[in-house]
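Worksheet: one structure, shown below.
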Amino acid sequence: MTSRRVFFYVQHLLGIGHLVRASRIAQALQAAGFGVTLVTGGSAVQGFPPAGIRQVQLPVVLASNSGFSALADAEGQPVDAAFEANRTDMLLDAFRQTAPDVVIIEAFPFGRRQMRFELMPLLEAVRQAERKPLLLSSVRDILQENRKAGRDEETIALVNGPFDGLLVHGDARFVRLEETFPRATEFSAKIHYTGLVAPDEPTPATDRFDVVVSAGGGAVGAGLIAAALEAQAMLADGRSWCVITGPNLPAPEFERLSALAPEAVTLVRFRPDLPSLLAGAQLSISQAGYNTVCDLLRARCRPVLVPFAAGGETEQTVRAAKLAALGLAEMVAETDVSGATIAAAARRALDRAPADMPDFSLDGAAGTARVIESLLAQARV
C-alpha cells in the first residue's frame, strides 16, 4: 500500500470538462505511485473517473443557470442549508478517513465560490490536521475574466495564505496566468505550470468519420448542434459526420435533433473515445473548452471553434482567439452561429494547409505528478 495519499476535490456544475481533466490527472498520479481519492460532486459521466480510481461521490449539485449563480440538486430543486450541511459533513469525513499527504482543490479559490460552504471548512480541517497535508489549487491555464469587485483580494489572500502552491495546467509559452488574472504576480512564487492535460497519443477509432461535431457536456450545446446539421446539408460533399450531443443535452432536444439528422450523420449522446475519433477525422466542429482543445492538439485535427460565451463567460473565447491567431483554428462567435457561418468556416479549415504544430507541452497530467513529487520533497527538507 502506498504511503502517499492524494485527496482530490472536483465539482463540475454545467459541463464535464473539470471532471475529465481531474480524472486524467488522477490516473497520472496513480501511475506515479500515489493513492488517489477523487471526491466528486456533480452528475455521473460515463467513463469518468476511470476504473481503478477510488471515488467519493457527494450528493449531486448542478448549476441552476448558465451564469453559475445558484445551485440545484439532482432533481433541479434549490439547495438548502440542510443539504449543504450534509455535504460538508460527508466531505470532512472523507478527508479524515483518507488522512492524505496532499489535498488538491480544483478551481477554488479562483472559481467554485458557490462551494465555499464546504470548502472553507475543508481548508480549516487541513489547517488543524495533526499531520498537515500539502494544500494545492488546481486551475486551467485561462481563467474567467470580469470578476466582481473584491474577489481578487480574497483569492490572493487565500493563495498566499493556506495554499502551498498553485498547479496551472498549461504551457506558459501558449498563455500565462497573468494574462487573465493580472494580479498573479502577487503570488508568482507559488505558481507551477504543469503543461496541458491532454490525453495520451490516440489510436484512430475503428468507426472513422470525416467530420466530428461535439458539444462538451451538452447542457448548452443545442444551438451548435443544430447549426452543424444545417451546415452539413449546405456542404453536401459526401463526407461522413459523427455528431456528439453531450450527455446533458435535454431529452426533448436530443429527440428533435435525431429526427433532423440525415443518413450521412451518426448522432449519439456521448463517446468516451472522442480523442480517438478526432485522430481519424479531417475536421472537428466544437466549442473551445479546455479538454476539447487538448484533444484537438493531440490529434492534430483541424478545428472550427465556437466558444461558449453565455452568462459573461470569457475563457473559451480567449482560448479560441489564441488558436486562431496561431493559424490552428477557425473561430465563429457564439452570437454568429448559423448553418451558413459554420459551413463557411468548415470550408476555410478544410481548404487551408495544416499549420505547424507549436511545441506546447501536452503532458500535463504526468507533469502534475512531477510537480507534486518536487513539492513533497521540498516540504520534507
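Going through the C-alpha cells in order, the chains are called A, B, and so on, while each chain numbers its residues from 1 and the ligands are numbered from 1 in the order shown.
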
Closest pair table for stretch 128-175 of chain A residues within 10 Å of stretch 364-375 of chain A, only C-alpha atoms, as CSV:
```
residue,atom,partner,partner_atom,distance
A:Leu134,CA,A:Leu375,CA,8.2
A:Leu136,CA,A:Ile372,CA,9.0
A:Ser138,CA,A:Thr368,CA,9.4
A:Asp164,CA,A:Leu375,CA,8.8
A:Gly165,CA,A:Leu375,CA,8.4
A:Leu167,CA,A:Thr368,CA,7.2
A:Val168,CA,A:Thr368,CA,8.9
A:His169,CA,A:Gly364,CA,6.2
A:Gly170,CA,A:Gly364,CA,7.1
A:Asp171,CA,A:Gly364,CA,8.6
```

Hey, what's within 9 Å of A:Pro199 if we count only C-alpha atoms and toss same-chain stuff fewer than 5 positions away? As a PDB file with N, CA and C atoms, in the first residue's frame, please?
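This went into part_4.pdb:
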```pdb
ATOM      1  N   ARG A  24      -7.968  12.583 -15.647  1.00  0.00           N
ATOM      2  CA  ARG A  24      -6.689  12.332 -16.312  1.00  0.00           C
ATOM      3  C   ARG A  24      -5.525  12.556 -15.345  1.00  0.00           C
ATOM      4  N   PRO A 275     -11.049  11.466 -28.278  1.00  0.00           N
ATOM      5  CA  PRO A 275      -9.713  11.662 -28.867  1.00  0.00           C
ATOM      6  C   PRO A 275      -9.420  10.705 -30.029  1.00  0.00           C
ATOM      7  N   ASN A 291     -10.561  20.789 -22.393  1.00  0.00           N
ATOM      8  CA  ASN A 291     -10.289  19.396 -22.748  1.00  0.00           C
ATOM      9  C   ASN A 291     -10.467  19.132 -24.228  1.00  0.00           C
ATOM     10  N   CYS A 294      -7.410  20.412 -25.930  1.00  0.00           N
ATOM     11  CA  CYS A 294      -6.297  19.494 -25.692  1.00  0.00           C
ATOM     12  C   CYS A 294      -6.421  18.251 -26.566  1.00  0.00           C
ATOM     13  N   ASP A 295      -7.630  17.719 -26.696  1.00  0.00           N
ATOM     14  CA  ASP A 295      -7.860  16.569 -27.573  1.00  0.00           C
ATOM     15  C   ASP A 295      -7.488  16.904 -29.016  1.00  0.00           C
ATOM     16  N   ARG A 298      -3.671  17.218 -29.515  1.00  0.00           N
ATOM     17  CA  ARG A 298      -3.044  15.894 -29.518  1.00  0.00           C
ATOM     18  C   ARG A 298      -3.331  15.165 -30.828  1.00  0.00           C
ATOM     19  N   LEU A 362       2.054  18.837 -23.841  1.00  0.00           N
ATOM     20  CA  LEU A 362       0.735  18.212 -23.724  1.00  0.00           C
ATOM     21  C   LEU A 362       0.730  17.120 -22.659  1.00  0.00           C
ATOM     22  N   ASP A 363       1.771  17.098 -21.858  1.00  0.00           N
ATOM     23  CA  ASP A 363       1.974  16.022 -20.876  1.00  0.00           C
ATOM     24  C   ASP A 363       1.638  16.514 -19.466  1.00  0.00           C
ATOM     25  N   ALA A 365      -0.739  15.943 -17.276  1.00  0.00           N
ATOM     26  CA  ALA A 365      -1.153  15.037 -16.200  1.00  0.00           C
ATOM     27  C   ALA A 365       0.076  14.475 -15.491  1.00  0.00           C
TER      28      ALA A 365
END
```

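Of the listed residues (A:Ala172, A:Ser240, A:Val306, A:Pro204), A:Val306 comes nearest to A:Leu224; the distances count only C-alpha atoms.
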
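Nearest residue to A:Ala26, choosing from A:His192, A:Arg113, A:Val6, A:Val45 and counting only C-alpha atoms: A:Val6.
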
With only C-alpha atoms as the basis for distance, which of A:Ile25, A:Ala310, A:Ala259, A:Leu297 is at the shortest distance from A:Val220? A:Ala310

Enumerate the residues of stretch 120-344 of chain A with a DSSP assignment of alpha helix (DSSP H), computed from the backbone, and present them as an MDAnalysis selection string. chainID A and resid 120:128 151:160 222:235 251:260 274:279 290:299 315:325 339:344

Need the shell around A:Ala125: protein/DNA/RNA residues with any atom at most 12 Å away, counting only C-alpha atoms. Skip same-chain ones fewer than 6 positions apart. Format as number ranges by chain? A: 88-89, 91-96, 99-100, 103, 118-119, 131-133, 135, 162

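You will find atom CA of A:Pro247 at 20.1 Å from atom CA of A:Asp207.
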
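Among the candidates A:Phe163, A:Arg151, A:Val268, A:Pro202, the residue lying nearest to A:Leu123 is A:Phe163 (atoms considered: only C-alpha atoms).
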
Run DSSP on the backbone and tell me which residues of stretch 85-175 of chain A come out as strand (DSSP E); list them as a PyMOL selection string. chain A and resi 102-106+134-140+165-169

Near-A:Ala157 list (12 Å; only C-alpha atoms; drop same-chain fewer than 2 positions) as a VMD selection string: chain A and resid 109 to 110 150 to 155 159 to 163 183 to 184 186 to 187

Grab the residues selected above and save them as a PDB file, in the first residue's frame with C-alpha atoms.
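The resulting selection-v6.pdb:
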```pdb
ATOM      1  CA  PRO A 109     -10.249  29.899  -4.881  1.00  0.00           C
ATOM      2  CA  PHE A 110     -10.367  31.262  -8.464  1.00  0.00           C
ATOM      3  CA  GLY A 150     -13.312  42.463  -4.203  1.00  0.00           C
ATOM      4  CA  ARG A 151     -12.979  38.866  -5.345  1.00  0.00           C
ATOM      5  CA  ASP A 152      -9.368  39.218  -6.425  1.00  0.00           C
ATOM      6  CA  GLU A 153      -8.375  40.314  -2.924  1.00  0.00           C
ATOM      7  CA  GLU A 154      -9.933  37.259  -1.319  1.00  0.00           C
ATOM      8  CA  THR A 155      -8.425  34.934  -3.934  1.00  0.00           C
ATOM      9  CA  VAL A 159      -3.433  31.604  -2.311  1.00  0.00           C
ATOM     10  CA  ASN A 160      -0.855  33.440  -0.210  1.00  0.00           C
ATOM     11  CA  GLY A 161      -2.368  32.033   2.990  1.00  0.00           C
ATOM     12  CA  PRO A 162      -3.346  28.391   3.418  1.00  0.00           C
ATOM     13  CA  PHE A 163      -2.402  27.201  -0.078  1.00  0.00           C
ATOM     14  CA  ARG A 183      -2.510  40.101 -10.169  1.00  0.00           C
ATOM     15  CA  ALA A 184      -0.981  36.635 -10.391  1.00  0.00           C
ATOM     16  CA  GLU A 186       1.439  38.771  -6.305  1.00  0.00           C
ATOM     17  CA  PHE A 187       1.849  35.008  -5.775  1.00  0.00           C
TER      18      PHE A 187
END
```

As a PyMOL selection string, please: the residues near stretch 260-267 of chain A (cut-off 6 Å, only C-alpha atoms, same-chain neighbours under 5 positions excluded). chain A and resi 240-243

Would you kindly return, as a ChimeraX atom specification, each protein, DNA or RNA residue with an atom no farther than 7 Å from any atom of A:Ala227, considering only C-alpha atoms and excluding same-chain residues fewer than 6 positions away? /A:337-339,342

Using only C-alpha atoms, can you tell me which of A:Ala44, A:Ala228, A:Leu71, A:Ala320 comes closest to A:Ala346? A:Ala228

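Minimum atom-to-atom distances from A:Ala344, A:Ala81, A:Val60, A:Ala22 to A:Ile105 were compared using only C-alpha atoms, and the lowest value belongs to A:Ala22.
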
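Our summary of the geometry notes that atom CA of A:Gly223 is positioned 19.8 Å from atom CA of A:Leu13.
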
Write out as JSON lines a residue-level contact list of stretch 1-45 of chain A versus stretch 280-290 of chain A with cut-off 9 Å: for each qualifying residue the closest pair of atoms and the distance in Å to one decimal, counting only C-alpha atoms, rows sorted by chain and residue number upward.
```
{"residue": "A:Gly17", "atom": "CA", "partner": "A:Tyr290", "partner_atom": "CA", "distance": 7.0}
{"residue": "A:His18", "atom": "CA", "partner": "A:Tyr290", "partner_atom": "CA", "distance": 8.8}
{"residue": "A:Arg21", "atom": "CA", "partner": "A:Tyr290", "partner_atom": "CA", "distance": 8.5}
```

Please, could you write that set of residues out with C-alpha atoms as a CSV table (one decimal), in the first residue's frame?
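So result-v5.csv came out as:
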```
chain,number,residue,atom,x,y,z
A,17,GLY,CA,-14.5,19.4,-18.6
A,18,HIS,CA,-13.5,19.8,-14.9
A,21,ARG,CA,-9.3,16.9,-16.6
```
